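Dropping work.cif in here (mmCIF, C-alpha atoms):
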```cif
data_work
loop_
_atom_site.group_PDB
_atom_site.id
_atom_site.type_symbol
_atom_site.label_atom_id
_atom_site.label_comp_id
_atom_site.auth_asym_id
_atom_site.auth_seq_id
_atom_site.Cartn_x
_atom_site.Cartn_y
_atom_site.Cartn_z
ATOM 1 C CA MET O 1 -58.726 -26.752 16.848
ATOM 2 C CA LEU O 2 -59.184 -24.905 20.091
ATOM 3 C CA ILE O 3 -60.574 -21.362 19.950
ATOM 4 C CA HIS O 4 -60.250 -19.290 23.094
ATOM 5 C CA LEU O 5 -62.405 -16.193 23.476
ATOM 6 C CA ASN O 6 -60.824 -13.724 25.869
ATOM 7 C CA GLY O 7 -62.074 -10.335 26.991
ATOM 8 C CA TRP O 8 -63.318 -8.239 29.849
ATOM 9 C CA PRO O 9 -66.741 -8.960 31.355
ATOM 10 C CA GLY O 10 -69.411 -7.578 29.058
ATOM 11 C CA SER O 11 -67.348 -8.008 25.899
ATOM 12 C CA GLY O 12 -69.687 -10.702 24.560
ATOM 13 C CA LYS O 13 -67.607 -13.851 25.008
ATOM 14 C CA LEU O 14 -70.445 -16.224 25.835
ATOM 15 C CA THR O 15 -72.913 -14.767 23.338
ATOM 16 C CA VAL O 16 -70.367 -14.800 20.506
ATOM 17 C CA GLY O 17 -69.103 -18.197 21.688
ATOM 18 C CA ARG O 18 -72.565 -19.720 21.343
ATOM 19 C CA CYS O 19 -72.854 -18.385 17.789
ATOM 20 C CA LEU O 20 -69.311 -19.480 16.913
ATOM 21 C CA ALA O 21 -69.852 -22.986 18.264
ATOM 22 C CA GLY O 22 -72.998 -23.251 16.161
ATOM 23 C CA LEU O 23 -71.182 -22.127 13.011
ATOM 24 C CA LEU O 24 -68.269 -24.519 13.509
ATOM 25 C CA GLY O 25 -70.119 -27.499 14.963
ATOM 26 C CA ALA O 26 -67.929 -26.996 18.030
ATOM 27 C CA ARG O 27 -68.331 -27.772 21.702
ATOM 28 C CA LEU O 28 -68.530 -24.701 23.931
ATOM 29 C CA LEU O 29 -67.110 -24.579 27.446
ATOM 30 C CA ASP O 30 -67.545 -21.136 28.962
ATOM 31 C CA ASN O 31 -65.667 -20.042 32.067
ATOM 32 C CA HIS O 32 -68.814 -19.751 34.175
ATOM 33 C CA THR O 33 -69.701 -23.387 33.601
ATOM 34 C CA ILE O 34 -66.521 -24.153 35.531
ATOM 35 C CA LEU O 35 -66.567 -21.239 37.999
ATOM 36 C CA ASN O 36 -70.213 -21.577 38.986
ATOM 37 C CA VAL O 37 -69.571 -24.847 40.831
ATOM 38 C CA GLY O 38 -67.043 -23.060 43.017
ATOM 39 C CA TYR O 39 -69.398 -20.098 43.526
ATOM 40 C CA ALA O 40 -72.229 -22.445 44.546
ATOM 41 C CA VAL O 41 -70.422 -24.539 47.149
ATOM 42 C CA THR O 42 -67.549 -22.432 48.521
ATOM 43 C CA GLU O 43 -66.667 -18.901 49.551
ATOM 44 C CA ARG O 44 -65.565 -16.978 46.437
ATOM 45 C CA GLY O 45 -61.803 -16.493 46.415
ATOM 46 C CA SER O 46 -61.126 -18.958 49.243
ATOM 47 C CA ALA O 47 -58.646 -21.830 49.029
ATOM 48 C CA ALA O 48 -61.630 -24.197 48.766
ATOM 49 C CA PHE O 49 -62.985 -22.149 45.853
ATOM 50 C CA TYR O 50 -59.759 -22.459 43.855
ATOM 51 C CA GLU O 51 -59.437 -26.151 44.719
ATOM 52 C CA THR O 52 -62.996 -26.753 43.513
ATOM 53 C CA VAL O 53 -62.543 -24.787 40.290
ATOM 54 C CA ARG O 54 -59.281 -26.589 39.518
ATOM 55 C CA ALA O 55 -60.982 -29.968 40.041
ATOM 56 C CA VAL O 56 -63.944 -29.049 37.797
ATOM 57 C CA ARG O 57 -61.592 -27.678 35.136
ATOM 58 C CA ALA O 58 -59.512 -30.876 35.262
ATOM 59 C CA VAL O 59 -62.587 -33.047 34.703
ATOM 60 C CA ALA O 60 -63.880 -30.820 31.886
ATOM 61 C CA PHE O 61 -60.504 -30.687 30.140
ATOM 62 C CA ALA O 62 -60.107 -34.478 30.475
ATOM 63 C CA ARG O 63 -63.440 -34.895 28.673
ATOM 64 C CA ILE O 64 -62.319 -32.484 25.950
ATOM 65 C CA LEU O 65 -59.276 -34.704 25.415
ATOM 66 C CA GLU O 66 -61.662 -37.610 24.778
ATOM 67 C CA LEU O 67 -63.454 -35.776 21.954
ATOM 68 C CA PRO O 68 -62.554 -36.756 18.395
ATOM 69 C CA PRO O 69 -59.731 -34.514 17.136
ATOM 70 C CA GLU O 70 -61.890 -33.111 14.332
ATOM 71 C CA VAL O 71 -64.378 -31.632 16.839
ATOM 72 C CA PRO O 72 -63.494 -27.976 17.460
ATOM 73 C CA VAL O 73 -63.755 -26.595 20.989
ATOM 74 C CA VAL O 74 -64.575 -22.998 21.939
ATOM 75 C CA LEU O 75 -63.540 -21.804 25.411
ATOM 76 C CA THR O 76 -64.215 -18.477 27.124
ATOM 77 C CA ASN O 77 -62.236 -16.793 29.900
ATOM 78 C CA VAL O 78 -60.946 -13.491 31.176
ATOM 79 C CA VAL O 79 -57.195 -14.033 30.936
ATOM 80 C CA THR O 80 -55.279 -11.242 32.638
ATOM 81 C CA ARG O 81 -52.011 -10.414 34.321
ATOM 82 C CA GLY O 82 -51.556 -8.178 37.306
ATOM 83 C CA GLY O 83 -53.738 -7.520 40.289
ATOM 84 C CA GLY O 84 -53.667 -9.722 43.328
ATOM 85 C CA SER O 85 -54.299 -13.163 41.814
ATOM 86 C CA SER O 86 -52.269 -15.359 39.488
ATOM 87 C CA PHE O 87 -55.272 -17.627 38.911
ATOM 88 C CA PRO O 88 -56.108 -16.157 35.458
ATOM 89 C CA GLU O 89 -52.528 -16.881 34.336
ATOM 90 C CA GLU O 90 -52.805 -20.412 35.727
ATOM 91 C CA THR O 91 -56.024 -20.875 33.773
ATOM 92 C CA TRP O 92 -54.327 -19.710 30.570
ATOM 93 C CA ARG O 93 -51.440 -22.146 31.106
ATOM 94 C CA ALA O 94 -54.042 -24.919 31.473
ATOM 95 C CA VAL O 95 -55.582 -23.882 28.130
ATOM 96 C CA ILE O 96 -52.158 -23.921 26.439
ATOM 97 C CA ASP O 97 -51.492 -27.363 27.930
ATOM 98 C CA LEU O 98 -54.908 -28.584 26.751
ATOM 99 C CA ALA O 99 -54.140 -27.547 23.171
ATOM 100 C CA ALA O 100 -50.738 -29.262 23.343
ATOM 101 C CA LEU O 101 -52.214 -32.474 24.756
ATOM 102 C CA ARG O 102 -54.926 -32.395 22.130
ATOM 103 C CA GLY O 103 -52.315 -31.793 19.440
ATOM 104 C CA CYS O 104 -54.283 -28.916 17.971
ATOM 105 C CA THR O 105 -53.894 -25.291 17.028
ATOM 106 C CA LEU O 106 -54.774 -22.756 19.719
ATOM 107 C CA PHE O 107 -56.453 -19.639 18.384
ATOM 108 C CA SER O 108 -56.991 -16.684 20.724
ATOM 109 C CA ALA O 109 -59.720 -14.218 19.826
ATOM 110 C CA THR O 110 -59.828 -11.310 22.248
ATOM 111 C CA LEU O 111 -63.136 -9.472 22.177
ATOM 112 C CA THR O 112 -63.278 -5.791 22.914
ATOM 113 C CA CYS O 113 -65.918 -3.103 22.716
ATOM 114 C CA SER O 114 -66.407 0.528 23.593
ATOM 115 C CA PRO O 115 -66.779 1.464 27.274
ATOM 116 C CA GLU O 116 -70.373 2.510 26.554
ATOM 117 C CA ALA O 117 -71.252 -0.845 24.976
ATOM 118 C CA ARG O 118 -69.545 -2.707 27.832
ATOM 119 C CA ALA O 119 -71.446 -0.690 30.457
ATOM 120 C CA ARG O 120 -74.745 -1.370 28.673
ATOM 121 C CA ARG O 121 -74.000 -5.095 28.426
ATOM 122 C CA LEU O 122 -72.856 -5.332 32.055
ATOM 123 C CA GLY O 123 -76.237 -4.169 33.285
ATOM 124 C CA THR O 124 -78.395 -6.831 31.631
ATOM 125 C CA ALA O 125 -80.778 -8.830 33.782
ATOM 126 C CA GLU O 126 -79.285 -12.050 32.341
ATOM 127 C CA ARG O 127 -75.813 -11.168 33.697
ATOM 128 C CA VAL O 128 -77.181 -10.317 37.117
ATOM 129 C CA ALA O 129 -79.257 -13.523 37.273
ATOM 130 C CA ALA O 130 -76.261 -15.611 36.185
ATOM 131 C CA GLY O 131 -74.094 -14.187 38.966
ATOM 132 C CA LYS O 132 -71.713 -12.588 36.482
ATOM 133 C CA MET O 133 -69.877 -9.343 37.126
ATOM 134 C CA HIS O 134 -72.292 -6.488 36.561
ATOM 135 C CA ASP O 135 -70.809 -3.642 38.591
ATOM 136 C CA PRO O 136 -69.050 -1.106 36.320
ATOM 137 C CA ALA O 137 -66.982 0.208 39.252
ATOM 138 C CA ALA O 138 -65.681 -3.282 40.090
ATOM 139 C CA LEU O 139 -64.768 -3.842 36.452
ATOM 140 C CA ALA O 140 -63.031 -0.450 36.262
ATOM 141 C CA ALA O 141 -60.974 -1.380 39.336
ATOM 142 C CA ALA O 142 -59.968 -4.695 37.749
ATOM 143 C CA MET O 143 -59.082 -3.004 34.465
ATOM 144 C CA ALA O 144 -56.924 -0.478 36.334
ATOM 145 C CA THR O 145 -54.700 -3.217 37.811
ATOM 146 C CA ARG O 146 -54.838 -5.966 35.173
ATOM 147 C CA VAL O 147 -54.092 -6.349 31.476
ATOM 148 C CA LEU O 148 -55.533 -8.876 29.024
ATOM 149 C CA PHE O 149 -52.991 -11.225 27.455
ATOM 150 C CA ASP O 150 -52.802 -14.346 25.302
ATOM 151 C CA ASP O 151 -49.087 -15.126 24.985
ATOM 152 C CA GLY O 152 -48.501 -18.611 23.630
ATOM 153 C CA ALA O 153 -51.458 -18.874 21.256
ATOM 154 C CA ILE O 154 -50.498 -20.011 17.763
ATOM 155 C CA ASP O 155 -52.724 -17.404 16.128
ATOM 156 C CA ARG O 156 -54.197 -14.447 17.946
ATOM 157 C CA ARG O 157 -56.254 -11.434 17.038
ATOM 158 C CA TRP O 158 -58.422 -8.770 18.674
ATOM 159 C CA PHE O 159 -61.987 -8.216 17.480
ATOM 160 C CA ASP O 160 -63.936 -5.044 18.272
ATOM 161 C CA ASN O 161 -67.582 -6.049 18.435
ATOM 162 C CA THR O 162 -68.970 -2.695 19.558
ATOM 163 C CA ASP O 163 -71.074 -2.396 16.407
ATOM 164 C CA LEU O 164 -71.222 -6.074 15.388
ATOM 165 C CA ALA O 165 -74.143 -8.344 16.151
ATOM 166 C CA PRO O 166 -72.947 -11.514 17.919
ATOM 167 C CA GLU O 167 -73.732 -13.621 14.835
ATOM 168 C CA ARG O 168 -71.649 -11.322 12.626
ATOM 169 C CA CYS O 169 -68.750 -11.260 15.087
ATOM 170 C CA ALA O 170 -68.828 -15.071 15.217
ATOM 171 C CA ALA O 171 -68.828 -15.220 11.408
ATOM 172 C CA VAL O 172 -65.793 -12.927 11.258
ATOM 173 C CA ILE O 173 -63.945 -15.088 13.785
ATOM 174 C CA ALA O 174 -64.953 -18.274 11.948
ATOM 175 C CA ALA O 175 -63.608 -16.848 8.692
ATOM 176 C CA TRP O 176 -60.322 -15.871 10.386
ATOM 177 C CA VAL O 177 -59.935 -19.306 11.956
ATOM 178 C CA GLY O 178 -60.878 -21.044 8.707
ATOM 179 C CA HIS O 179 -58.334 -18.993 6.793
ATOM 180 C CA HIS O 180 -55.513 -19.760 9.227
ATOM 181 C CA ALA O 181 -56.391 -23.307 10.240
#
```
Would it be possible to restate this file's structure as structure tokens?
Amino acid sequence: MLIHLNGWPGSGKLTVGRCLAGLLGARLLDNHTILNVGYAVTERGSAAFYETVRAVRAVAFARILELPPEVPVVLTNVVTRGGGSSFPEETWRAVIDLAALRGCTLFSATLTCSPEARARRLGTAERVAAGKMHDPAALAAAMATRVLFDDGAIDRRWFDNTDLAPERCAAVIAAWVGHHA
């Protein structure tokens, strides 16, 4: 199976993804593992950036296709429509294609939380050090012009983790996936 964690920055995708991968014995590929190569060697948002990210994603997804089919994979991304870039939609199409090539079910778990929880999470030192979005105003601008989506997933559900510890949220998602798998 392929489990995609979607959500706005600060929603807990990576933290929950780590817990979920541990529960399921899954491999975890978070979006920053792919994006950070582009951030490190190109100008963010440039043609070279997108070319680099596409190349890294292609290599990573090719390796996922080599994994035994019984090994679950957890991915994280911010998949949105709108705004000035179609890159998030392109990324989602690549995830759908990966699931089809792997011949597995694609589950989409969209994480959400209260604005207060998101603002608190955005400001952590870990996010800043990792080069992740940490500016509430920048996120608000993105949220004003974009909408989260997951069209094409076999099973999809939204999970509010405002008051859930990451381990508990992962357990809830694991139970949902296990029930529908």
Selection result of the PyMOL selection byres ((chain O and resi 33-46) around 12) on this file, as a PyMOL selection string
chain O and resi 14+28-32+47-61+75-78+84-88+91+130-132
The PyMOL selection byres ((chain O and resi 18) around 12) applied to the shown file, residues as a ChimeraX atom specification:
/O:5,12-17,19-30,73-76,166-167,169-171
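When the PyMOL selection byres ((chain O and resi 97) around 12) is evaluated on the file shown here, the picked residues come out as O:Leu2, O:Ala58, O:Phe61, O:Ala62, O:Leu65, O:Glu90, O:Thr91, O:Trp92, O:Arg93, O:Ala94, O:Val95, O:Ile96, O:Leu98, O:Ala99, O:Ala100, O:Leu101, O:Arg102, O:Gly103, O:Cys104, O:Thr105, O:Leu106, O:Gly152, O:Ala153.
The smallest atom-to-atom distance between Asp155 in chain O and any of O:Ile64, O:Ala140, O:Val172, O:Val177, using all atoms listed in the file, is found for O:Val177.
Minimum distance to Thr110 in chain O across O:Trp158, O:Leu67, O:Trp8, O:Thr80 (counting all atoms listed in the file) occurs at O:Trp158.
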Expressed in Å, the length from CA of Asn6 in chain O to CA of Glu70 in chain O is 22.6 Å
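Residues in contact with range 133-138 of chain O at 8 Å, where all atoms listed in the file are counted and same-chain residues fewer than 2 positions away are skipped, are listed as Pro9, Ala119, Leu122, Gly123, Thr124, Arg127, Val128, Gly131, Ala140, Ala141 and Ala142 of chain O.
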Go through O:Cys113, O:Ile173, O:Ile3, O:Met143 one by one, measure the shortest atom-to-atom distance of each to Asp160 in chain O using all atoms listed in the file, and give the residue with the smallest value.
O:Cys113
